[in-house]
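Text of the file data-v3.cif, holding mmCIF, C-alpha atoms:
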data_upload
loop_
_atom_site.label_atom_id
_atom_site.label_comp_id
_atom_site.auth_asym_id
_atom_site.auth_seq_id
_atom_site.Cartn_x
_atom_site.Cartn_y
_atom_site.Cartn_z
CA MET A 1 0.00 0.00 0.00
CA PRO A 2 1.34 3.49 -0.83
CA THR A 3 2.53 5.35 2.26
CA VAL A 4 2.21 8.94 1.00
CA LEU A 5 -0.97 10.50 2.33
CA PRO A 6 -3.16 12.27 -0.27
CA PHE A 7 -2.96 15.81 1.12
CA VAL A 8 0.78 16.02 1.79
CA GLY A 9 1.78 19.52 0.66
CA LEU A 10 -1.70 21.01 1.21
CA ARG A 11 -1.65 23.99 3.57
CA VAL A 12 -4.72 24.67 5.70
CA LEU A 13 -5.18 27.83 7.76
CA GLU A 14 -7.74 27.22 10.48
CA LEU A 15 -9.45 30.35 11.80
CA ALA A 16 -12.43 28.35 13.03
CA ALA A 17 -13.22 27.48 16.62
CA VAL A 18 -15.36 25.07 18.68
CA LEU A 19 -16.22 21.80 16.84
CA ALA A 20 -17.35 21.92 13.20
CA GLY A 21 -14.43 23.84 11.69
CA PRO A 22 -11.74 22.17 13.85
CA GLN A 23 -13.13 18.74 12.91
CA VAL A 24 -12.47 19.63 9.28
CA GLY A 25 -8.98 20.83 10.17
CA GLN A 26 -8.14 17.53 11.88
CA PHE A 27 -9.61 15.62 8.94
CA PHE A 28 -7.08 17.25 6.61
CA ALA A 29 -4.27 16.76 9.13
CA GLU A 30 -5.00 13.03 9.31
CA LEU A 31 -4.68 12.88 5.52
CA GLY A 32 -1.30 14.59 5.47
CA ALA A 33 -2.05 18.32 5.24
CA GLU A 34 -0.15 20.98 7.19
CA VAL A 35 -2.73 22.64 9.46
CA LEU A 36 -2.00 25.88 11.28
CA LYS A 37 -4.60 26.77 13.91
CA VAL A 38 -4.84 30.54 14.41
CA GLU A 39 -6.31 31.42 17.80
CA PRO A 40 -7.16 34.65 19.61
CA PRO A 41 -5.12 35.48 22.72
CA ALA A 42 -7.63 33.66 24.95
CA GLY A 43 -7.49 30.59 22.69
CA ASP A 44 -10.24 28.50 21.15
CA VAL A 45 -13.14 28.71 23.62
CA THR A 46 -13.25 24.91 23.92
CA ARG A 47 -9.94 25.03 25.78
CA SER A 48 -12.00 26.33 28.71
CA TRP A 49 -14.86 23.81 28.34
CA ARG A 50 -13.74 21.39 31.02
CA THR A 51 -15.51 18.57 32.77
CA PRO A 52 -14.73 17.92 36.47
CA ALA A 53 -12.36 15.17 35.30
CA ASP A 54 -10.25 17.56 33.18
CA ASP A 55 -6.88 18.87 34.34
CA PRO A 56 -7.61 22.50 35.29
CA SER A 57 -3.97 23.50 34.74
CA SER A 58 -3.84 22.35 31.11
CA SER A 59 -4.83 24.46 28.12
CA VAL A 60 -5.89 21.23 26.36
CA SER A 61 -9.33 20.20 27.57
CA ALA A 62 -10.91 16.91 26.55
CA TYR A 63 -13.32 18.84 24.33
CA PHE A 64 -10.46 20.66 22.61
CA ALA A 65 -8.63 17.35 22.17
CA ALA A 66 -11.62 15.96 20.25
CA SER A 67 -10.80 18.00 17.13
CA ASN A 68 -7.29 19.38 17.24
CA TRP A 69 -4.76 16.60 16.68
CA GLY A 70 -2.07 17.13 14.06
CA LYS A 71 -2.06 20.93 14.20
CA THR A 72 0.27 23.70 15.30
CA SER A 73 -1.07 26.73 17.15
CA LEU A 74 -0.42 30.39 16.46
CA VAL A 75 -1.92 33.22 18.51
CA LEU A 76 -2.90 36.36 16.62
CA ASP A 77 -4.98 39.27 17.87
CA LEU A 78 -6.80 40.28 14.71
CA ARG A 79 -7.79 43.59 16.24
CA LEU A 80 -4.17 44.63 15.65
CA PRO A 81 -3.11 45.73 12.14
CA ALA A 82 0.25 43.96 12.45
CA HIS A 83 -1.46 40.67 13.24
CA GLN A 84 -3.88 41.16 10.35
CA ALA A 85 -0.90 41.65 8.06
CA GLU A 86 0.67 38.44 9.37
CA LEU A 87 -2.50 36.52 8.61
CA LEU A 88 -2.61 37.94 5.09
CA ARG A 89 0.99 36.78 4.62
CA LEU A 90 0.08 33.26 5.77
CA ALA A 91 -3.04 33.15 3.59
CA ALA A 92 -1.02 34.08 0.51
CA THR A 93 0.53 30.59 0.47
CA ALA A 94 -2.40 28.62 1.92
CA ASP A 95 -4.65 26.29 -0.06
CA VAL A 96 -7.64 26.30 2.31
CA VAL A 97 -8.87 28.71 4.95
CA LEU A 98 -11.42 27.51 7.51
CA ALA A 99 -13.40 30.33 9.10
CA SER A 100 -16.34 30.43 11.49
CA TYR A 101 -16.80 34.13 12.17
CA LYS A 102 -20.20 35.71 12.62
CA PRO A 103 -21.29 37.36 9.35
CA GLY A 104 -19.44 40.64 8.95
CA ASP A 105 -16.69 39.95 11.50
CA ALA A 106 -14.18 38.51 9.03
CA ALA A 107 -14.40 41.60 6.84
CA LYS A 108 -14.15 43.81 9.93
CA PHE A 109 -10.87 42.11 10.85
CA GLY A 110 -9.61 42.31 7.26
CA VAL A 111 -9.60 38.52 6.80
CA GLY A 112 -12.72 37.96 4.69
CA TYR A 113 -12.77 36.09 1.42
CA ALA A 114 -12.40 39.17 -0.77
CA ALA A 115 -9.26 40.36 1.01
CA LEU A 116 -7.55 36.98 1.10
CA ALA A 117 -8.54 35.88 -2.41
CA ALA A 118 -7.22 39.14 -3.87
CA ALA A 119 -3.74 38.07 -2.78
CA ASN A 120 -4.26 34.37 -3.51
CA PRO A 121 -6.75 33.61 -6.31
CA ARG A 122 -6.27 29.84 -5.81
CA LEU A 123 -7.44 30.04 -2.22
CA ILE A 124 -10.46 27.99 -1.11
CA TYR A 125 -12.16 29.92 1.67
CA ALA A 126 -14.58 27.75 3.65
CA GLN A 127 -16.93 29.87 5.72
CA LEU A 128 -19.15 28.33 8.41
CA THR A 129 -22.06 30.31 9.87
CA GLY A 130 -25.03 29.55 12.08
CA TYR A 131 -27.85 30.61 9.78
CA GLY A 132 -26.25 31.80 6.57
CA PRO A 133 -24.04 34.71 5.48
CA GLN A 134 -26.84 37.29 5.69
CA ASN A 135 -28.02 36.37 9.19
CA PRO A 136 -25.91 37.71 12.08
CA ARG A 137 -27.41 35.31 14.59
CA PRO A 138 -24.74 33.02 16.11
CA GLY A 139 -25.30 29.29 15.85
CA TYR A 140 -25.29 26.98 18.85
CA ASP A 141 -25.80 23.26 18.45
CA ALA A 142 -28.41 22.86 21.20
CA VAL A 143 -30.53 25.70 19.81
CA LEU A 144 -30.30 24.33 16.29
CA GLN A 145 -31.25 20.84 17.44
CA ALA A 146 -34.36 22.42 18.92
CA GLU A 147 -35.19 24.53 15.87
CA THR A 148 -34.72 21.84 13.22
CA GLY A 149 -36.79 19.03 14.73
CA PHE A 150 -34.13 16.81 16.29
CA MET A 151 -35.01 17.49 19.92
CA HIS A 152 -38.69 16.95 19.17
CA LEU A 153 -37.96 13.60 17.51
CA ASN A 154 -35.60 12.53 20.29
CA ALA A 155 -38.24 12.66 23.04
CA PRO A 156 -39.05 9.28 24.64
CA SER A 157 -42.68 9.72 23.58
CA PRO A 158 -45.11 12.47 22.46
CA HIS A 159 -46.01 13.02 26.12
CA GLU A 160 -42.46 13.55 27.40
CA ALA A 161 -40.00 16.40 27.13
CA PRO A 162 -37.85 16.83 24.00
CA GLN A 163 -34.20 15.90 24.50
CA LYS A 164 -30.98 17.13 22.97
CA LEU A 165 -28.78 14.52 21.35
CA PRO A 166 -25.75 13.95 23.61
CA VAL A 167 -23.16 14.83 20.93
CA ALA A 168 -23.18 18.11 18.99
CA PHE A 169 -24.55 16.42 15.90
CA VAL A 170 -25.50 19.62 14.08
CA ASP A 171 -21.87 20.74 14.29
CA LEU A 172 -20.78 17.34 12.96
CA PHE A 173 -23.36 17.46 10.14
CA ALA A 174 -21.99 20.88 9.19
CA ALA A 175 -18.40 19.60 9.34
CA HIS A 176 -19.25 16.91 6.81
CA GLN A 177 -20.94 19.47 4.54
CA LEU A 178 -17.89 21.73 4.82
CA LYS A 179 -15.53 18.87 3.90
CA GLU A 180 -17.67 18.02 0.90
CA GLY A 181 -17.72 21.63 -0.23
CA ILE A 182 -13.94 21.96 0.13
CA LEU A 183 -13.26 18.69 -1.69
CA THR A 184 -15.58 19.80 -4.51
CA ALA A 185 -13.74 23.12 -4.73
CA LEU A 186 -10.35 21.38 -4.77
CA TYR A 187 -11.53 19.17 -7.65
CA GLN A 188 -12.78 22.23 -9.54
CA ARG A 189 -9.51 24.07 -8.90
CA GLU A 190 -7.62 21.24 -10.60
CA ARG A 191 -9.55 22.03 -13.78
CA THR A 192 -9.80 25.82 -13.60
CA GLY A 193 -6.86 26.93 -11.47
CA GLN A 194 -9.24 29.13 -9.48
CA GLY A 195 -10.14 29.02 -5.83
CA ALA A 196 -13.64 29.51 -4.45
CA LEU A 197 -15.75 30.67 -1.55
CA VAL A 198 -17.55 27.74 0.09
CA GLU A 199 -20.35 28.66 2.51
CA VAL A 200 -22.05 26.24 4.90
CA SER A 201 -24.57 26.99 7.64
CA LEU A 202 -25.35 24.84 10.65
CA TYR A 203 -29.06 25.43 9.99
CA GLU A 204 -29.10 24.09 6.44
CA SER A 205 -26.79 21.22 7.41
CA ALA A 206 -29.27 20.15 10.08
CA LEU A 207 -32.22 20.32 7.69
CA ALA A 208 -30.33 18.22 5.12
CA ALA A 209 -29.77 15.59 7.82
CA LEU A 210 -33.49 15.13 8.53
CA ALA A 211 -33.45 12.57 5.71
CA ASN A 212 -36.41 10.15 5.91
CA GLN A 213 -38.06 12.13 8.72
CA GLY A 214 -38.10 15.25 6.54
CA ALA A 215 -39.29 13.27 3.53
CA THR A 216 -42.18 11.89 5.58
CA TRP A 217 -43.50 15.40 6.18
CA LEU A 218 -42.88 16.55 2.61
CA THR A 219 -44.47 13.55 0.87
CA THR A 220 -47.31 12.61 3.23
CA GLY A 221 -48.08 15.72 5.25
CA TYR A 222 -47.63 13.67 8.42
CA ASP A 223 -45.46 15.44 10.99
CA PRO A 224 -43.26 12.68 12.51
CA ALA A 225 -43.97 12.04 16.18
CA PRO A 226 -41.38 11.17 18.83
CA LEU A 227 -40.83 7.43 19.22
CA GLY A 228 -37.87 7.41 21.56
CA SER A 229 -35.34 5.13 19.91
CA GLY A 230 -38.01 3.43 17.81
CA HIS A 231 -38.25 3.67 14.03
CA PRO A 232 -41.33 5.16 12.33
CA GLY A 233 -41.45 2.56 9.56
CA ILE A 234 -39.69 -0.58 10.86
CA VAL A 235 -40.64 -2.75 13.86
CA PRO A 236 -38.90 -4.05 15.93
CA TYR A 237 -36.09 -1.56 15.36
CA GLY A 238 -34.33 0.53 18.02
CA PRO A 239 -36.05 0.14 21.43
CA VAL A 240 -33.91 -1.15 24.28
CA TYR A 241 -34.65 -4.51 25.91
CA ARG A 242 -33.13 -5.85 29.12
CA ALA A 243 -32.34 -9.56 29.42
CA ALA A 244 -32.37 -11.71 32.56
CA ASP A 245 -28.62 -11.17 33.12
CA GLY A 246 -29.05 -7.39 32.97
CA GLN A 247 -27.65 -7.07 29.47
CA ARG A 248 -29.29 -4.26 27.49
CA LEU A 249 -29.73 -4.83 23.77
CA VAL A 250 -31.42 -3.48 20.68
CA LEU A 251 -32.95 -5.21 17.68
CA ALA A 252 -32.87 -3.86 14.11
CA VAL A 253 -35.14 -6.32 12.32
CA GLY A 254 -35.55 -4.95 8.80
CA THR A 255 -37.23 -7.85 6.96
CA ASP A 256 -40.00 -10.32 7.55
CA ALA A 257 -37.52 -13.18 7.16
CA GLN A 258 -35.37 -11.73 9.94
CA PHE A 259 -38.45 -11.41 12.11
CA ARG A 260 -39.33 -15.07 11.57
CA THR A 261 -35.82 -16.07 12.60
CA LEU A 262 -36.03 -13.83 15.67
CA CYS A 263 -39.25 -15.53 16.73
CA GLU A 264 -37.62 -18.95 16.34
CA VAL A 265 -34.66 -17.90 18.48
CA LEU A 266 -37.08 -16.57 21.10
CA GLN A 267 -38.95 -19.92 20.91
CA ARG A 268 -42.09 -18.09 19.92
CA PRO A 269 -42.43 -19.07 16.22
CA HIS A 270 -46.19 -18.54 16.24
CA TRP A 271 -45.70 -14.76 16.58
CA ALA A 272 -44.42 -14.66 12.99
CA THR A 273 -47.66 -16.18 11.69
CA GLU A 274 -50.04 -13.94 13.62
CA VAL A 275 -51.89 -11.47 11.41
CA ARG A 276 -50.77 -8.66 13.74
CA PHE A 277 -47.08 -9.40 13.20
CA ALA A 278 -46.66 -11.35 9.95
CA THR A 279 -45.55 -8.33 7.90
CA ASN A 280 -43.60 -5.22 8.71
CA LEU A 281 -46.61 -3.01 7.98
CA ALA A 282 -48.68 -5.06 10.43
CA ARG A 283 -45.94 -4.83 13.04
CA VAL A 284 -45.76 -1.06 12.65
CA ARG A 285 -49.52 -0.84 13.23
CA HIS A 286 -49.33 -3.14 16.28
CA ARG A 287 -46.07 -1.75 17.65
CA PRO A 288 -47.13 -1.48 21.35
CA ALA A 289 -48.42 -5.06 21.54
CA LEU A 290 -45.28 -6.54 19.99
CA HIS A 291 -43.05 -4.37 22.13
CA GLU A 292 -44.65 -5.68 25.32
CA LEU A 293 -44.29 -9.28 24.18
CA LEU A 294 -40.62 -8.75 23.38
CA LEU A 295 -39.98 -6.98 26.69
CA THR A 296 -41.41 -9.91 28.61
CA ARG A 297 -39.75 -12.68 26.62
CA ILE A 298 -36.26 -11.14 26.40
CA ALA A 299 -36.35 -10.50 30.16
CA GLU A 300 -36.50 -14.28 30.59
CA LEU A 301 -33.34 -15.01 28.55
CA ASN A 302 -29.58 -14.67 28.87
CA GLY A 303 -28.66 -11.56 26.91
CA TRP A 304 -25.17 -12.58 25.77
CA ALA A 305 -26.39 -15.99 24.61
CA LEU A 306 -29.27 -14.35 22.76
CA LEU A 307 -26.97 -11.85 21.02
CA HIS A 308 -24.59 -14.64 20.02
CA GLU A 309 -27.38 -16.72 18.49
CA LEU A 310 -28.92 -13.76 16.65
CA ALA A 311 -25.51 -12.86 15.20
CA ARG A 312 -24.96 -16.46 14.12
CA LEU A 313 -28.29 -16.48 12.27
CA GLY A 314 -27.93 -13.02 10.70
CA VAL A 315 -30.54 -11.14 12.73
CA PRO A 316 -29.30 -7.56 13.34
CA ALA A 317 -28.95 -6.95 17.08
CA GLY A 318 -26.39 -5.40 19.40
CA ALA A 319 -25.44 -4.77 22.99
CA VAL A 320 -25.98 -1.30 24.45
CA ARG A 321 -22.50 -0.15 25.51
CA SER A 322 -21.18 2.86 27.36
CA VAL A 323 -18.71 5.17 25.60
CA GLY A 324 -15.83 3.58 27.48
CA GLU A 325 -16.98 0.09 26.63
CA ALA A 326 -17.34 1.00 22.96
CA LEU A 327 -13.83 2.49 22.73
CA ASP A 328 -12.31 -0.45 24.60
CA MET A 329 -13.54 -2.94 21.98
CA GLU A 330 -10.81 -4.58 19.90
CA GLN A 331 -12.47 -3.47 16.68
CA ALA A 332 -12.37 0.17 17.83
CA GLN A 333 -8.60 0.30 18.28
CA ALA A 334 -7.93 1.17 14.63
CA MET A 335 -9.91 4.38 15.16
CA LEU A 336 -7.67 5.58 17.99
CA LEU A 337 -4.67 7.87 17.62
CA PRO A 338 -1.81 6.65 19.84
CA PRO A 339 -0.73 8.71 22.88
CA GLN A 340 2.40 10.83 22.45
CA ALA A 341 4.36 9.70 25.51
CA SER A 342 4.69 12.30 28.25
CA GLU A 343 3.82 15.13 25.86
CA PHE A 344 0.18 14.02 25.75
CA PRO A 345 -0.29 10.59 27.34
CA TYR A 346 -3.84 10.08 26.07
CA ALA A 347 -5.23 8.46 22.95
CA GLY A 348 -7.21 10.46 20.42
CA LEU A 349 -10.15 9.67 18.16
CA ARG A 350 -9.67 9.79 14.41
CA THR A 351 -12.07 11.81 12.24
CA VAL A 352 -11.22 9.77 9.12
CA ALA A 353 -13.14 6.50 9.09
CA PHE A 354 -12.57 5.50 5.45
CA ARG A 355 -9.69 3.51 3.99
CA SER A 356 -8.30 3.25 0.47
CA SER A 357 -5.85 1.05 -1.40
CA ALA A 358 -4.41 4.24 -2.92
CA TRP A 359 -2.98 5.62 0.34
CA GLY A 360 -2.15 4.58 3.85
CA VAL A 361 -3.32 5.68 7.26
CA ALA A 362 -1.52 8.20 9.47
CA GLU A 363 0.12 6.03 12.10
CA ALA A 364 0.35 8.92 14.55
CA LEU A 365 -0.30 12.65 14.74
CA SER A 366 1.17 15.35 16.89
CA PRO A 367 -1.06 15.83 19.95
CA PRO A 368 -3.51 18.72 20.40
CA PRO A 369 -1.26 21.76 20.80
CA PRO A 370 -1.07 23.81 24.01
CA LEU A 371 -2.03 27.43 23.52
CA ALA A 372 0.87 29.19 21.82
CA GLN A 373 2.30 32.33 23.33
CA PRO A 374 1.47 35.54 21.42
#
Mind turning the file's structure into structure tokens?
Amino acid sequence: MPTVLPFVGLRVLELAAVLAGPQVGQFFAELGAEVLKVEPPAGDVTRSWRTPADDPSSSVSAYFAASNWGKTSLVLDLRLPAHQAELLRLAATADVVLASYKPGDAAKFGVGYAALAAANPRLIYAQLTGYGPQNPRPGYDAVLQAETGFMHLNAPSPHEAPQKLPVAFVDLFAAHQLKEGILTALYQRERTGQGALVEVSLYESALAALANQGATWLTTGYDPAPLGSGHPGIVPYGPVYRAADGQRLVLAVGTDAQFRTLCEVLQRPHWATEVRFATNLARVRHRPALHELLLTRIAELNGWALLHELARLGVPAGAVRSVGEALDMEQAQAMLLPPQASEFPYAGLRTVAFRSSAWGVAEALSPPPPLAQP
């Protein structure tokens, strides 16, 4: 397998903070790019977002470490003309700029697309906003989850309070959109020689991610109701069951054949022939009755033995794991970045989850950088 990573020689200037933009910066770093993170004197705000378990004396919080491997840090105060000039000098030789300023702020600091592209026409300037370039409202993941339907859908039931997803998924949706926009612009630049302005908003990224739930409203007029972890069109799919040994598990039974096999494993083959449950459509209509039967029966069985047998027979099912349990699994180890000895004695989590025969995988990255001195 070739060892040269695909973006060796690409220079990325990261002016973005928090999660979405820095995730894109680490993505390029993992694929070989040189990424310079430009921070204000106080640093990226996530340096101060610490849990009680974080080291209060370190400028690298766990949150900051989630998105900042493989970068170097430079502190610039863009209120100062000399620091603006330094950024213009850096941008003149950059390939990609990642920015997440509120609309109008980049131009105010002299680092907007027009100013930087004038000195570097090949520059790809990737601008992330909350609600679009004409809306000055700042974007916060929790607010956007509320406004775009995700909190509503994530409630345990229509009668219970909406809940925020436990990871900043809107930021991550936007990061993927930003990567796609940048990669499209890089492809176009190969043909035209010209850079581009790429604009992504958290709001539109969240709407794009509504997928089948959004299509349900648009094509049927039915406004999807909260189902907890259940699926609106597949049953049984998503709810958590607890076995006799305490093991929590989920089923993801997508076909009638899988359901018949499930019933055989549960020693209840007659369920698969009942009119209420014989087809997926019937199971969707009789969701509560089937759910209660499954709750009762699975509670009588050994969870690990049940999961093993379902896996053997090709019925989709899985154990409910904690974050620590998930990252301790042998299969997860390939997604971890190795600790860097005493410099940063903690593993990291890769942002690149794809592999190719055309390039290798970064064996290691420099750890998240401490805040540079101005």
Selection result of the PyMOL selection byres ((chain A and resi 368) around 6) on this file, as a JSON list (two decimals) with C-alpha atoms, keeping the file's coordinate frame:
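Once written, out_34.json looks like this:
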[["chain", "number", "residue", "atom", "x", "y", "z"],
["A", 65, "ALA", "CA", -8.63, 17.35, 22.17],
["A", 68, "ASN", "CA", -7.29, 19.38, 17.24],
["A", 69, "TRP", "CA", -4.76, 16.60, 16.68],
["A", 367, "PRO", "CA", -1.06, 15.83, 19.95],
["A", 369, "PRO", "CA", -1.26, 21.76, 20.80]]
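Within the 7 Å cut-off around region 327-337 of chain A, using all atoms listed in the file and omitting residues fewer than 3 positions from it on the same chain, the listed residues are Val323, Gly324, Ala347, Gly348, Leu349, Arg350 and Ala364 of chain A.
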Using all atoms of region 228-238 of chain A that appear in the file, construct an axis-aligned enclosing box with 8 Å of padding on every side and provide its centre coordinates and edge lengths in Å, rounded to one decimal, as lines of an AutoDock Vina configuration file.
center_x = -37.9
center_y = 1.7
center_z = 15.6
size_x = 23.1
size_y = 27.5
size_z = 28.0
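The residue that comes closest to Leu15 (chain A), out of A:Pro81, A:Ser100, A:Leu172, A:Gly246 and on the basis of all atoms listed in the file, is A:Ser100.
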Run through the PyMOL selection byres ((chain A and resi 287) around 12) on the given coordinates and return the selected residues as number ranges by chain.
A: 227, 230-239, 276-277, 279-286, 288-294
(-5.7, 24.8, 28.4) in this file's frame - what residues fall within 8 Å of it? Use all atoms listed in the file and give the answer as a ChimeraX atom specification.
/A:47-48,56-61,370-371
Residue nearest Gln145 (chain A) among A:Tyr346, A:Tyr125, A:Tyr63, A:Phe169 (counting only C-alpha atoms):
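Checking each of A:Tyr346, A:Tyr125, A:Tyr63, A:Phe169 against Gln145 (chain A), counting only C-alpha atoms, the winner is A:Phe169.
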Name the closest residue to Leu251 (chain A) among the candidates A:Pro52, A:Pro136, A:Gly214, A:Gly318; distances are taken between atoms, counting only C-alpha atoms.
A:Gly318
Run through the PyMOL selection byres ((chain A and resi 185) around 12) on the given coordinates and return the selected residues as a PyMOL selection string.
chain A and resi 95-96+122-126+178-184+186-199
Quick one: everything within 8 Å of Val315 (chain A), counting only C-alpha atoms, minus sequence neighbours fewer than 2 positions away in the same chain. Send it as a list in words.
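Result of the neighbour search: Ala252, Val253, Gln258, Phe259, Thr261, Leu262, Leu310, Ala311, Arg312, Leu313 and Ala317 of chain A.
Counting from CA of Val240 (chain A), the distance to CA of Phe150 (chain A) is 19.7 Å.
The gap separating CA of Leu207 (chain A) from CA of Phe173 (chain A) is 9.6 Å, in Å to one decimal.
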Go ahead and compute the interatomic distance for CA of Phe7 (chain A) and CA of Ala29 (chain A), in Å to one decimal.
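Value for the CA of Phe7 (chain A)-CA of Ala29 (chain A) distance: 8.2 Å.
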Residue with the minimum atom-to-atom distance to Arg297 (chain A), picked from A:Val265, A:Leu98, A:Ala115, A:Leu128 with only C-alpha atoms counted, is A:Val265
Pick from A:Pro41, A:Tyr131, A:Thr3, A:Ser67 nearest to Phe28 (chain A), counting all atoms listed in the file:
A:Ser67
Contacts of Gly303 (chain A) at 9 Å or less, counting all atoms listed in the file, minus same-chain residues fewer than 5 places along, as a short mmCIF file (atom, residue, chain, number, x, y, z; two decimals) with C-alpha atoms, in the coordinates of the input?
data_model
loop_
_atom_site.label_atom_id
_atom_site.label_comp_id
_atom_site.auth_asym_id
_atom_site.auth_seq_id
_atom_site.Cartn_x
_atom_site.Cartn_y
_atom_site.Cartn_z
CA ARG A 242 -33.13 -5.85 29.12
CA ALA A 243 -32.34 -9.56 29.42
CA ALA A 244 -32.37 -11.71 32.56
CA ASP A 245 -28.62 -11.17 33.12
CA GLY A 246 -29.05 -7.39 32.97
CA GLN A 247 -27.65 -7.07 29.47
CA ARG A 248 -29.29 -4.26 27.49
CA LEU A 249 -29.73 -4.83 23.77
CA ILE A 298 -36.26 -11.14 26.40
CA HIS A 308 -24.59 -14.64 20.02
CA ALA A 319 -25.44 -4.77 22.99
#
Give me the residues near Asp44 (chain A) as a ChimeraX atom specification, where near means some atom within 7 Å (using all atoms listed in the file) and where sequence neighbours in that chain fewer than 2 positions away do not count.
/A:17-18,39,42,46-47
